[in-house]
file work-v5.json (JSON, C-alpha atoms and all ligand atoms)
[["chain", "number", "residue", "atom", "x", "y", "z"],
["A", 1, "MET", "CA", 0.00, 0.00, 0.00],
["A", 2, "ASP", "CA", 1.42, 3.39, -0.92],
["A", 3, "SER", "CA", 1.37, 6.41, 1.34],
["A", 4, "MET", "CA", -1.56, 7.99, -0.54],
["A", 5, "SER", "CA", -3.90, 5.28, 0.69],
["A", 6, "ALA", "CA", -2.97, 5.72, 4.33],
["A", 7, "GLY", "CA", -6.08, 6.45, 6.35],
["A", 8, "VAL", "CA", -8.42, 6.20, 3.36],
["A", 9, "SER", "CA", -11.17, 3.59, 3.50],
["A", 10, "GLN", "CA", -10.95, 1.27, 0.51],
["A", 11, "PHE", "CA", -13.80, -0.18, -1.56],
["A", 12, "PHE", "CA", -15.19, -3.41, -0.07],
["A", 13, "GLY", "CA", -12.67, -2.94, 2.74],
["A", 14, "LEU", "CA", -10.21, -4.79, 0.48],
["A", 15, "PRO", "CA", -6.53, -3.87, 0.69],
["A", 16, "SER", "CA", -5.26, -1.76, -2.20],
["A", 17, "LEU", "CA", -2.05, -2.38, -4.13],
["A", 18, "GLY", "CA", -1.84, 1.36, -4.80],
["A", 19, "VAL", "CA", -2.55, 3.70, -7.69],
["A", 20, "GLU", "CA", -0.04, 2.17, -10.11],
["A", 21, "HIS", "CA", -1.37, -1.38, -9.78],
["A", 22, "ALA", "CA", -5.03, -0.44, -9.87],
["A", 23, "ASP", "CA", -7.42, -1.10, -12.75],
["A", 24, "ALA", "CA", -9.86, 1.54, -11.53],
["A", 25, "LEU", "CA", -9.57, 4.56, -9.28],
["A", 26, "VAL", "CA", -12.27, 5.85, -6.95],
["A", 27, "LEU", "CA", -12.09, 9.56, -6.18],
["A", 28, "PRO", "CA", -14.15, 10.93, -3.27],
["A", 29, "LEU", "CA", -15.29, 14.52, -3.89],
["A", 30, "PRO", "CA", -17.03, 15.65, -0.68],
["A", 31, "VAL", "CA", -17.85, 19.11, -2.02],
["A", 32, "GLU", "CA", -20.93, 21.04, -0.90],
["A", 33, "ARG", "CA", -20.97, 24.76, -1.69],
["A", 34, "THR", "CA", -24.04, 25.62, -3.80],
["A", 35, "VAL", "CA", -26.65, 23.18, -2.48],
["A", 36, "CYS", "CA", -30.13, 24.77, -2.24],
["A", 37, "TYR", "CA", -32.37, 22.45, -0.26],
["A", 38, "GLY", "CA", -31.54, 19.18, 1.52],
["A", 39, "LYS", "CA", -27.97, 19.36, 2.78],
["A", 40, "GLY", "CA", -25.41, 16.70, 3.60],
["A", 41, "THR", "CA", -24.00, 15.58, 0.26],
["A", 42, "ALA", "CA", -20.46, 16.37, 1.50],
["A", 43, "GLY", "CA", -20.81, 13.15, 3.50],
["A", 44, "GLY", "CA", -21.88, 11.15, 0.45],
["A", 45, "PRO", "CA", -18.55, 9.71, -0.71],
["A", 46, "GLN", "CA", -17.55, 8.42, 2.71],
["A", 47, "ALA", "CA", -21.01, 6.92, 3.36],
["A", 48, "ILE", "CA", -20.91, 5.08, 0.03],
["A", 49, "ILE", "CA", -17.38, 3.75, 0.57],
["A", 50, "GLN", "CA", -18.11, 2.68, 4.14],
["A", 51, "ALA", "CA", -21.21, 0.77, 2.97],
["A", 52, "THR", "CA", -19.32, -1.23, 0.31],
["A", 53, "PRO", "CA", -18.24, -3.99, 2.75],
["A", 54, "GLN", "CA", -21.99, -4.76, 3.04],
["A", 55, "ILE", "CA", -22.04, -5.64, -0.68],
["A", 56, "GLU", "CA", -20.96, -9.13, -1.81],
["A", 57, "THR", "CA", -17.66, -8.99, -3.69],
["A", 58, "PHE", "CA", -19.19, -11.41, -6.22],
["A", 59, "ASP", "CA", -21.62, -10.00, -8.79],
["A", 60, "GLU", "CA", -24.06, -12.60, -10.10],
["A", 61, "GLU", "CA", -24.90, -10.74, -13.33],
["A", 62, "THR", "CA", -21.41, -10.14, -14.64],
["A", 63, "LEU", "CA", -19.64, -12.91, -12.64],
["A", 64, "VAL", "CA", -17.09, -10.30, -11.57],
["A", 65, "GLU", "CA", -15.33, -11.20, -8.30],
["A", 66, "PHE", "CA", -14.02, -7.99, -6.83],
["A", 67, "SER", "CA", -11.66, -9.75, -4.43],
["A", 68, "GLN", "CA", -9.70, -10.76, -7.57],
["A", 69, "SER", "CA", -10.34, -8.10, -10.20],
["A", 70, "PRO", "CA", -10.75, -5.32, -11.04],
["A", 71, "ARG", "CA", -8.24, -3.99, -8.55],
["A", 72, "ILE", "CA", -9.68, -0.80, -7.13],
["A", 73, "HIS", "CA", -7.77, 1.97, -5.44],
["A", 74, "THR", "CA", -9.61, 4.62, -3.46],
["A", 75, "LEU", "CA", -7.83, 7.97, -3.49],
["A", 76, "PRO", "CA", -7.86, 10.64, -0.80],
["A", 77, "PRO", "CA", -10.09, 13.58, -1.77],
["A", 78, "PRO", "CA", -8.39, 16.63, -3.33],
["A", 79, "PRO", "CA", -8.37, 19.78, -1.15],
["A", 80, "ALA", "CA", -11.81, 21.40, -0.93],
["A", 81, "GLU", "CA", -11.10, 24.86, 0.39],
["A", 82, "GLY", "CA", -12.37, 28.25, -0.71],
["A", 83, "ASP", "CA", -15.36, 28.77, -2.98],
["A", 84, "ILE", "CA", -16.82, 26.39, -5.52],
["A", 85, "LYS", "CA", -14.53, 27.65, -8.29],
["A", 86, "ASP", "CA", -11.45, 26.92, -6.13],
["A", 87, "CYS", "CA", -12.82, 23.42, -5.53],
["A", 88, "LEU", "CA", -13.35, 22.83, -9.25],
["A", 89, "VAL", "CA", -9.82, 23.95, -10.07],
["A", 90, "ALA", "CA", -8.43, 21.64, -7.35],
["A", 91, "ILE", "CA", -10.47, 18.73, -8.72],
["A", 92, "GLU", "CA", -9.38, 19.44, -12.28],
["A", 93, "ASP", "CA", -5.69, 19.60, -11.29],
["A", 94, "CYS", "CA", -6.03, 16.41, -9.25],
["A", 95, "VAL", "CA", -7.72, 14.48, -12.08],
["A", 96, "ARG", "CA", -5.20, 15.74, -14.63],
["A", 97, "SER", "CA", -2.37, 14.37, -12.48],
["A", 98, "LEU", "CA", -3.83, 10.85, -12.23],
["A", 99, "PRO", "CA", -2.59, 7.96, -14.36],
["A", 100, "ARG", "CA", -5.01, 7.02, -17.13],
["A", 101, "LYS", "CA", -7.25, 4.42, -15.50],
["A", 102, "PHE", "CA", -10.99, 4.07, -15.28],
["A", 103, "LEU", "CA", -12.12, 6.75, -12.83],
["A", 104, "LEU", "CA", -15.22, 6.62, -10.66],
["A", 105, "SER", "CA", -15.79, 9.87, -8.78],
["A", 106, "LEU", "CA", -18.21, 10.10, -5.86],
["A", 107, "GLY", "CA", -19.90, 13.39, -4.94],
["A", 108, "GLY", "CA", -20.66, 15.64, -3.46],
["A", 109, "GLU", "CA", -22.76, 18.18, -5.29],
["A", 110, "HIS", "CA", -23.16, 17.77, -9.05],
["A", 111, "THR", "CA", -20.91, 20.74, -9.78],
["A", 112, "VAL", "CA", -17.89, 18.47, -9.21],
["A", 113, "THR", "CA", -18.55, 16.80, -12.58],
["A", 114, "TYR", "CA", -17.24, 19.95, -14.24],
["A", 115, "GLY", "CA", -13.82, 19.65, -12.58],
["A", 116, "VAL", "CA", -13.53, 15.95, -13.36],
["A", 117, "VAL", "CA", -14.50, 16.26, -17.03],
["A", 118, "ALA", "CA", -12.24, 19.29, -17.50],
["A", 119, "GLY", "CA", -9.35, 17.40, -15.90],
["A", 120, "LEU", "CA", -9.88, 14.33, -18.06],
["A", 121, "PHE", "CA", -10.52, 15.92, -21.44],
["A", 122, "GLY", "CA", -10.10, 19.69, -21.34],
["A", 123, "GLN", "CA", -7.29, 22.05, -22.15],
["A", 124, "ARG", "CA", -5.45, 23.15, -19.06],
["A", 125, "GLY", "CA", -6.32, 26.62, -17.82],
["A", 126, "THR", "CA", -9.79, 26.99, -19.32],
["A", 127, "THR", "CA", -11.56, 26.61, -15.96],
["A", 128, "HIS", "CA", -9.02, 28.86, -14.26],
["A", 129, "ASP", "CA", -9.94, 31.71, -16.60],
["A", 130, "ASP", "CA", -12.32, 34.00, -14.72],
["A", 131, "ALA", "CA", -14.19, 34.93, -17.88],
["A", 132, "GLY", "CA", -15.44, 31.36, -17.95],
["A", 133, "PRO", "CA", -15.18, 28.79, -20.67],
["A", 134, "THR", "CA", -14.60, 30.18, -24.12],
["A", 135, "ARG", "CA", -13.10, 27.25, -25.96],
["A", 136, "GLU", "CA", -14.89, 24.29, -27.42],
["A", 137, "ASP", "CA", -12.19, 21.92, -26.21],
["A", 138, "LEU", "CA", -14.56, 19.10, -25.20],
["A", 139, "ALA", "CA", -16.07, 18.57, -28.66],
["A", 140, "ASP", "CA", -15.10, 14.91, -28.87],
["A", 141, "VAL", "CA", -16.73, 13.95, -25.57],
["A", 142, "THR", "CA", -20.27, 12.71, -24.95],
["A", 143, "LEU", "CA", -21.77, 13.11, -21.50],
["A", 144, "VAL", "CA", -24.47, 10.62, -20.62],
["A", 145, "HIS", "CA", -26.35, 12.53, -17.95],
["A", 146, "VAL", "CA", -28.85, 10.69, -15.76],
["A", 147, "ASP", "CA", -30.69, 13.19, -13.56],
["A", 148, "ALA", "CA", -34.09, 14.50, -12.49],
["A", 149, "HIS", "CA", -32.84, 18.01, -13.30],
["A", 150, "ALA", "CA", -31.51, 19.27, -16.62],
["A", 151, "ASP", "CA", -28.77, 21.33, -14.91],
["A", 152, "LEU", "CA", -28.81, 23.62, -17.97],
["A", 153, "ALA", "CA", -29.44, 26.98, -16.29],
["A", 154, "ASN", "CA", -27.14, 29.82, -17.27],
["A", 155, "ARG", "CA", -27.19, 30.92, -13.63],
["A", 156, "LEU", "CA", -28.89, 29.49, -10.56],
["A", 157, "HIS", "CA", -29.66, 31.94, -7.74],
["A", 158, "GLY", "CA", -27.11, 34.23, -9.42],
["A", 159, "ARG", "CA", -24.40, 31.59, -9.43],
["A", 160, "TYR", "CA", -22.46, 30.86, -12.61],
["A", 161, "TRP", "CA", -20.85, 27.74, -11.08],
["A", 162, "SER", "CA", -23.59, 25.62, -9.53],
["A", 163, "HIS", "CA", -25.08, 22.15, -9.41],
["A", 164, "GLY", "CA", -27.90, 23.64, -11.51],
["A", 165, "THR", "CA", -25.58, 25.04, -14.22],
["A", 166, "VAL", "CA", -23.01, 22.25, -14.48],
["A", 167, "MET", "CA", -24.28, 20.68, -17.72],
["A", 168, "ARG", "CA", -24.69, 24.13, -19.30],
["A", 169, "ARG", "CA", -21.03, 24.93, -18.54],
["A", 170, "LEU", "CA", -19.82, 21.63, -19.98],
["A", 171, "TRP", "CA", -22.06, 21.93, -23.03],
["A", 172, "GLU", "CA", -20.65, 25.42, -23.66],
["A", 173, "ARG", "CA", -17.24, 23.79, -23.94],
["A", 174, "GLY", "CA", -18.47, 21.65, -26.79],
["A", 175, "CYS", "CA", -19.67, 18.45, -25.09],
["A", 176, "ARG", "CA", -22.46, 16.44, -26.56],
["A", 177, "LEU", "CA", -25.19, 15.74, -23.96],
["A", 178, "LEU", "CA", -27.43, 12.70, -23.77],
["A", 179, "GLN", "CA", -29.82, 13.33, -20.88],
["A", 180, "ILE", "CA", -32.10, 10.68, -19.38],
["A", 181, "ALA", "CA", -34.91, 10.83, -16.77],
["A", 182, "ILE", "CA", -35.19, 14.64, -16.75],
["A", 183, "ARG", "CA", -38.34, 15.85, -14.97],
["A", 184, "SER", "CA", -37.53, 19.28, -13.57],
["A", 185, "LEU", "CA", -36.32, 22.32, -15.49],
["A", 186, "THR", "CA", -37.17, 25.94, -16.23],
["A", 187, "ARG", "CA", -38.72, 27.17, -19.45],
["A", 188, "GLU", "CA", -35.32, 28.63, -20.37],
["A", 189, "GLU", "CA", -33.60, 25.28, -19.83],
["A", 190, "HIS", "CA", -36.33, 23.56, -21.83],
["A", 191, "GLN", "CA", -35.62, 25.96, -24.66],
["A", 192, "VAL", "CA", -31.88, 25.15, -24.54],
["A", 193, "ALA", "CA", -32.61, 21.42, -24.48],
["A", 194, "SER", "CA", -35.05, 21.71, -27.40],
["A", 195, "THR", "CA", -33.09, 23.97, -29.70],
["A", 196, "GLY", "CA", -29.45, 23.71, -28.61],
["A", 197, "PRO", "CA", -27.09, 21.73, -30.80],
["A", 198, "ARG", "CA", -25.59, 18.49, -29.45],
["A", 199, "ILE", "CA", -28.30, 17.96, -26.80],
["A", 200, "THR", "CA", -30.67, 14.99, -26.71],
["A", 201, "THR", "CA", -33.04, 14.89, -23.74],
["A", 202, "TYR", "CA", -35.19, 11.93, -22.78],
["A", 203, "TYR", "CA", -37.79, 13.26, -20.36],
["A", 204, "ALA", "CA", -39.06, 10.96, -17.62],
["A", 205, "HIS", "CA", -42.71, 11.51, -18.59],
["A", 206, "ARG", "CA", -42.09, 10.07, -22.06],
["A", 207, "LEU", "CA", -39.61, 7.37, -21.08],
["A", 208, "SER", "CA", -42.01, 4.42, -21.25],
["A", 209, "GLU", "CA", -42.66, 5.11, -24.94],
["A", 210, "GLN", "CA", -39.12, 6.31, -25.72],
["A", 211, "TRP", "CA", -37.19, 3.65, -23.79],
["A", 212, "PRO", "CA", -36.16, 1.64, -26.87],
["A", 213, "GLU", "CA", -35.05, 4.87, -28.55],
["A", 214, "ALA", "CA", -33.02, 5.92, -25.52],
["A", 215, "LEU", "CA", -31.25, 2.55, -25.42],
["A", 216, "ALA", "CA", -30.59, 2.77, -29.17],
["A", 217, "ALA", "CA", -29.06, 6.20, -28.63],
["A", 218, "LEU", "CA", -26.73, 4.71, -26.00],
["A", 219, "ARG", "CA", -25.84, 1.82, -28.32],
["A", 220, "GLY", "CA", -25.09, 4.27, -31.12],
["A", 221, "LEU", "CA", -22.54, 6.29, -29.16],
["A", 222, "THR", "CA", -18.93, 6.29, -30.32],
["A", 223, "GLY", "CA", -15.80, 7.96, -29.07],
["A", 224, "LYS", "CA", -15.14, 9.02, -25.51],
["A", 225, "VAL", "CA", -18.03, 8.89, -23.10],
["A", 226, "TYR", "CA", -18.43, 10.10, -19.53],
["A", 227, "LEU", "CA", -21.37, 8.87, -17.45],
["A", 228, "SER", "CA", -22.72, 11.23, -14.80],
["A", 229, "LEU", "CA", -25.28, 9.65, -12.48],
["A", 230, "ASP", "CA", -27.13, 12.06, -10.23],
["A", 231, "VAL", "CA", -28.82, 9.72, -7.77],
["A", 232, "ASP", "CA", -32.03, 11.78, -8.04],
["A", 233, "GLY", "CA", -32.33, 10.41, -11.59],
["A", 234, "LEU", "CA", -33.48, 7.22, -9.89],
["A", 235, "ASP", "CA", -36.91, 7.12, -8.35],
["A", 236, "PRO", "CA", -36.95, 8.34, -4.74],
["A", 237, "SER", "CA", -38.55, 5.02, -3.76],
["A", 238, "ILE", "CA", -35.05, 3.62, -4.41],
["A", 239, "ILE", "CA", -32.85, 6.50, -3.23],
["A", 240, "PRO", "CA", -34.80, 9.10, -1.22],
["A", 241, "SER", "CA", -31.53, 10.21, 0.35],
["A", 242, "THR", "CA", -30.63, 13.10, -1.95],
["A", 243, "GLY", "CA", -30.88, 16.90, -1.75],
["A", 244, "THR", "CA", -33.83, 17.43, -4.09],
["A", 245, "PRO", "CA", -35.77, 14.18, -4.64],
["A", 246, "LEU", "CA", -38.51, 14.11, -7.29],
["A", 247, "PRO", "CA", -41.07, 11.40, -8.06],
["A", 248, "GLY", "CA", -41.23, 9.51, -11.34],
["A", 249, "GLY", "CA", -37.60, 8.52, -11.75],
["A", 250, "LEU", "CA", -35.82, 5.48, -13.13],
["A", 251, "SER", "CA", -36.38, 2.05, -11.66],
["A", 252, "TRP", "CA", -33.37, 0.12, -10.43],
["A", 253, "TRP", "CA", -33.43, -2.22, -13.43],
["A", 254, "GLN", "CA", -33.86, 0.64, -15.90],
["A", 255, "THR", "CA", -30.74, 2.18, -14.36],
["A", 256, "MET", "CA", -28.93, -1.15, -14.71],
["A", 257, "GLU", "CA", -30.04, -1.39, -18.35],
["A", 258, "ILE", "CA", -28.58, 2.04, -19.06],
["A", 259, "ILE", "CA", -25.26, 1.03, -17.51],
["A", 260, "ARG", "CA", -25.22, -2.38, -19.20],
["A", 261, "THR", "CA", -26.15, -1.00, -22.62],
["A", 262, "LEU", "CA", -23.55, 1.74, -22.43],
["A", 263, "THR", "CA", -20.75, -0.56, -21.28],
["A", 264, "THR", "CA", -21.46, -3.75, -23.23],
["A", 265, "GLU", "CA", -23.50, -2.82, -26.31],
["A", 266, "SER", "CA", -21.97, 0.41, -27.57],
["A", 267, "ARG", "CA", -18.66, 0.95, -29.32],
["A", 268, "ALA", "CA", -18.03, 4.03, -27.19],
["A", 269, "GLU", "CA", -15.19, 4.11, -24.72],
["A", 270, "LEU", "CA", -16.54, 4.75, -21.22],
["A", 271, "VAL", "CA", -13.57, 6.64, -19.81],
["A", 272, "ALA", "CA", -14.99, 7.60, -16.43],
["A", 273, "ALA", "CA", -18.17, 8.03, -14.44],
["A", 274, "ASP", "CA", -19.51, 9.72, -11.36],
["A", 275, "ILE", "CA", -22.26, 9.23, -8.82],
["A", 276, "VAL", "CA", -23.28, 12.52, -7.25],
["A", 277, "GLU", "CA", -25.77, 14.24, -4.94],
["A", 278, "PHE", "CA", -26.04, 11.31, -2.55],
["A", 279, "VAL", "CA", -26.79, 12.37, 1.03],
["A", 280, "PRO", "CA", -25.91, 9.83, 3.75],
["A", 281, "SER", "CA", -28.96, 8.26, 5.29],
["A", 282, "PRO", "CA", -29.66, 9.63, 8.77],
["A", 283, "VAL", "CA", -30.50, 6.18, 10.11],
["A", 284, "ILE", "CA", -28.55, 3.00, 9.45],
["A", 285, "PRO", "CA", -29.00, 1.05, 7.21],
["A", 286, "GLY", "CA", -30.96, 3.64, 5.18],
["A", 287, "CYS", "CA", -29.89, 3.66, 1.58],
["A", 288, "ASP", "CA", -26.12, 3.94, 1.91],
["A", 289, "PRO", "CA", -25.81, 0.30, 0.72],
["A", 290, "VAL", "CA", -28.13, 1.09, -2.22],
["A", 291, "ALA", "CA", -25.78, 3.84, -3.40],
["A", 292, "ALA", "CA", -22.83, 1.52, -2.75],
["A", 293, "ARG", "CA", -24.51, -1.18, -4.84],
["A", 294, "LEU", "CA", -24.99, 1.34, -7.66],
["A", 295, "ALA", "CA", -21.27, 2.14, -7.55],
["A", 296, "THR", "CA", -20.20, -1.51, -7.51],
["A", 297, "LYS", "CA", -22.65, -2.46, -10.31],
["A", 298, "LEU", "CA", -21.20, 0.29, -12.46],
["A", 299, "LEU", "CA", -17.68, -1.00, -11.83],
["A", 300, "ALA", "CA", -18.78, -4.61, -12.46],
["A", 301, "TRP", "CA", -20.33, -3.79, -15.85],
["A", 302, "TRP", "CA", -17.39, -1.63, -16.90],
["A", 303, "TRP", "CA", -14.94, -4.41, -16.00],
["A", 304, "SER", "CA", -17.07, -7.10, -17.58],
["A", 305, "ALA", "CA", -17.14, -5.19, -20.88],
["A", 306, "ARG", "CA", -13.44, -4.41, -20.75],
["A", 307, "SER", "CA", -12.47, -8.01, -20.04],
["A", 308, "ARG", "CA", -14.66, -9.19, -22.93],
["A", 309, "ASN", "CA", -13.09, -6.74, -25.37],
["A", 310, "GLY", "CA", -9.59, -7.60, -24.17],
["A", 401, "MN", "MN", -27.82, 17.14, -11.16]]
call {"tool": "encode", "arguments": {"input": "work-v5.json", "output": "structure tokens"}}
result
Amino acid sequence: MDSMSAGVSQFFGLPSLGVEHADALVLPLPVERTVCYGKGTAGGPQAIIQATPQIETFDEETLVEFSQSPRIHTLPPPPAEGDIKDCLVAIEDCVRSLPRKFLLSLGGEHTVTYGVVAGLFGQRGTTHDDAGPTREDLADVTLVHVDAHADLANRLHGRYWSHGTVMRRLWERGCRLLQIAIRSLTREEHQVASTGPRITTYYAHRLSEQWPEALAALRGLTGKVYLSLDVDGLDPSIIPSTGTPLPGGLSWWQTMEIIRTLTTESRAELVAADIVEFVPSPVIPGCDPVAARLATKLLAWWWSARSRNG
């Protein structure tokens, strides 16, 4: 175990061989600066990681046995001091410095996705520029965005950097967006989603009829893909423990079908993913193990697909 893993809880409670020997990296991002309603998402990453020993290391769908592979290394969180912009810059710099391995980030508020995606794919310095993003340096990246909220506002409560503007900021840098389970947005955001280039939005209210089309869209993806899972994209009957829950979300098995289709049935390269906006359950067991299961399922399907493709 290297010094970076000292004091950091590891996935499944399994010992880590360190960053260099890992197949996948888990990055906790306990950031909470612009949350509007239910608070506590800063505790999300730790709650998820600490619940993973309650999950079997064997996955019956993919036959992955986590005690053998993939080897997972859980990193310490990057510094989260100052305002949200400082946090995003710290996340971006941290992600940019990591070796190229599959990266699963755990939030934290949804804003963190910006720092991760910028660190993985963006030109250095674009986030640091106070004028905001001006370059379309993310044009070869597709973001699969599962969420109740479109997160396409230009500003939320006056904030340029916010959990409610994060997809707008990334889209402005040239990303293609494939949004699923959206069921809360302003008229302005609806306009952006309807008329903006490079945005496809599958609204929750039409998902039963459009489900085959949404899966076909996932299958048809090529190039580099980033999956951002806001846990409020799932129905609150599954994960009520989030800042702004809304009814009518994805079922567990619909969520699994999205992950399975993206990892095993598309030619796209899933480079990284995140699970954000989870708030630790106030009472044990609550749904900490549900969020942990979501994280481990994602890793199991990613590894299963990678092993199959060699
Ligand atoms: Mn969100």
call {"tool": "residues_around", "arguments": {"input": "work-v5.json", "residues": "Ile48 in chain A", "least_positions_apart": "5", "cutoff": "8 Å", "atoms": "only C-alpha atoms", "output": "list of chain:residue names"}}
result
A:Pro280, A:Asp288, A:Pro289, A:Ala291, A:Ala292
call {"tool": "atom_distance", "arguments": {"input": "work-v5.json", "atom1": "CA of Thr263 in chain A", "atom2": "CA of Glu172 in chain A"}}
result
26.1 Å
call {"tool": "residues_near_ligand", "arguments": {"input": "work-v5.json", "ligand": "ligand MN 401 (chain A)", "cutoff": "9 Å", "atoms": "all atoms listed in the file", "output": "list of chain:residue names"}}
result
A:Glu109, A:His110, A:Thr111, A:His145, A:Val146, A:Asp147, A:Ala148, A:His149, A:Ala150, A:Asp151, A:His163, A:Gly164, A:Thr165, A:Val166, A:Met167, A:Ser228, A:Leu229, A:Asp230, A:Val231, A:Asp232, A:Gly233, A:Val276, A:Glu277
call {"tool": "residues_around", "arguments": {"input": "work-v5.json", "residues": "Ile239 in chain A", "least_positions_apart": "2", "cutoff": "9 Å", "atoms": "all atoms listed in the file", "output": "number ranges by chain"}}
result
A: 231-232, 234-237, 241-242, 245, 278, 287-288, 290-291
call {"tool": "axis_aligned_box", "arguments": {"input": "work-v5.json", "around": "range 140-151 of chain A", "padding_each_side": "5 Å", "output": "lines of an AutoDock Vina configuration file"}}
result
center_x = -24.6
center_y = 16.0
center_z = -20.7
size_x = 29.0
size_y = 20.7
size_z = 26.4
call {"tool": "closest_residue", "arguments": {"input": "work-v5.json", "among": "A:Thr200, A:Thr74, A:Gln123, A:Thr222", "to": "Ala24 in chain A", "atoms": "only C-alpha atoms"}}
result
A:Thr74
call {"tool": "atom_distance", "arguments": {"input": "work-v5.json", "atom1": "CA of Val116 in chain A", "atom2": "CA of Ile91 in chain A"}}
result
6.2 Å
call {"tool": "atom_distance", "arguments": {"input": "work-v5.json", "atom1": "CA of Gly43 in chain A", "atom2": "CA of Tyr114 in chain A"}}
result
19.3 Å
call {"tool": "residues_around", "arguments": {"input": "work-v5.json", "residues": "Thr296 in chain A", "least_positions_apart": "2", "cutoff": "10 Å", "atoms": "all atoms listed in the file", "output": "short mmCIF file (atom, residue, chain, number, x, y, z; two decimals) with C-alpha atoms, in the frame of the given file"}}
result
data_model
loop_
_atom_site.label_atom_id
_atom_site.label_comp_id
_atom_site.auth_asym_id
_atom_site.auth_seq_id
_atom_site.Cartn_x
_atom_site.Cartn_y
_atom_site.Cartn_z
CA PHE A 11 -13.80 -0.18 -1.56
CA PHE A 12 -15.19 -3.41 -0.07
CA THR A 52 -19.32 -1.23 0.31
CA ILE A 55 -22.04 -5.64 -0.68
CA GLU A 56 -20.96 -9.13 -1.81
CA THR A 57 -17.66 -8.99 -3.69
CA ASP A 59 -21.62 -10.00 -8.79
CA PHE A 66 -14.02 -7.99 -6.83
CA VAL A 290 -28.13 1.09 -2.22
CA ALA A 291 -25.78 3.84 -3.40
CA ALA A 292 -22.83 1.52 -2.75
CA ARG A 293 -24.51 -1.18 -4.84
CA LEU A 294 -24.99 1.34 -7.66
CA LEU A 298 -21.20 0.29 -12.46
CA LEU A 299 -17.68 -1.00 -11.83
CA ALA A 300 -18.78 -4.61 -12.46
CA TRP A 301 -20.33 -3.79 -15.85
CA TRP A 302 -17.39 -1.63 -16.90
#
call {"tool": "residues_near_point", "arguments": {"input": "work-v5.json", "point": "(-24.8, 31.7, -12.5)", "cutoff": "12 Å", "atoms": "all atoms listed in the file", "output": "list in words"}}
result
Thr34, Ile84, Lys85, Thr111, Gly132, Asp151, Leu152, Ala153, Asn154, Arg155, Leu156, His157, Gly158, Arg159, Tyr160, Trp161, Ser162, His163, Gly164, Thr165, Val166, Arg168 and Arg169 of chain A
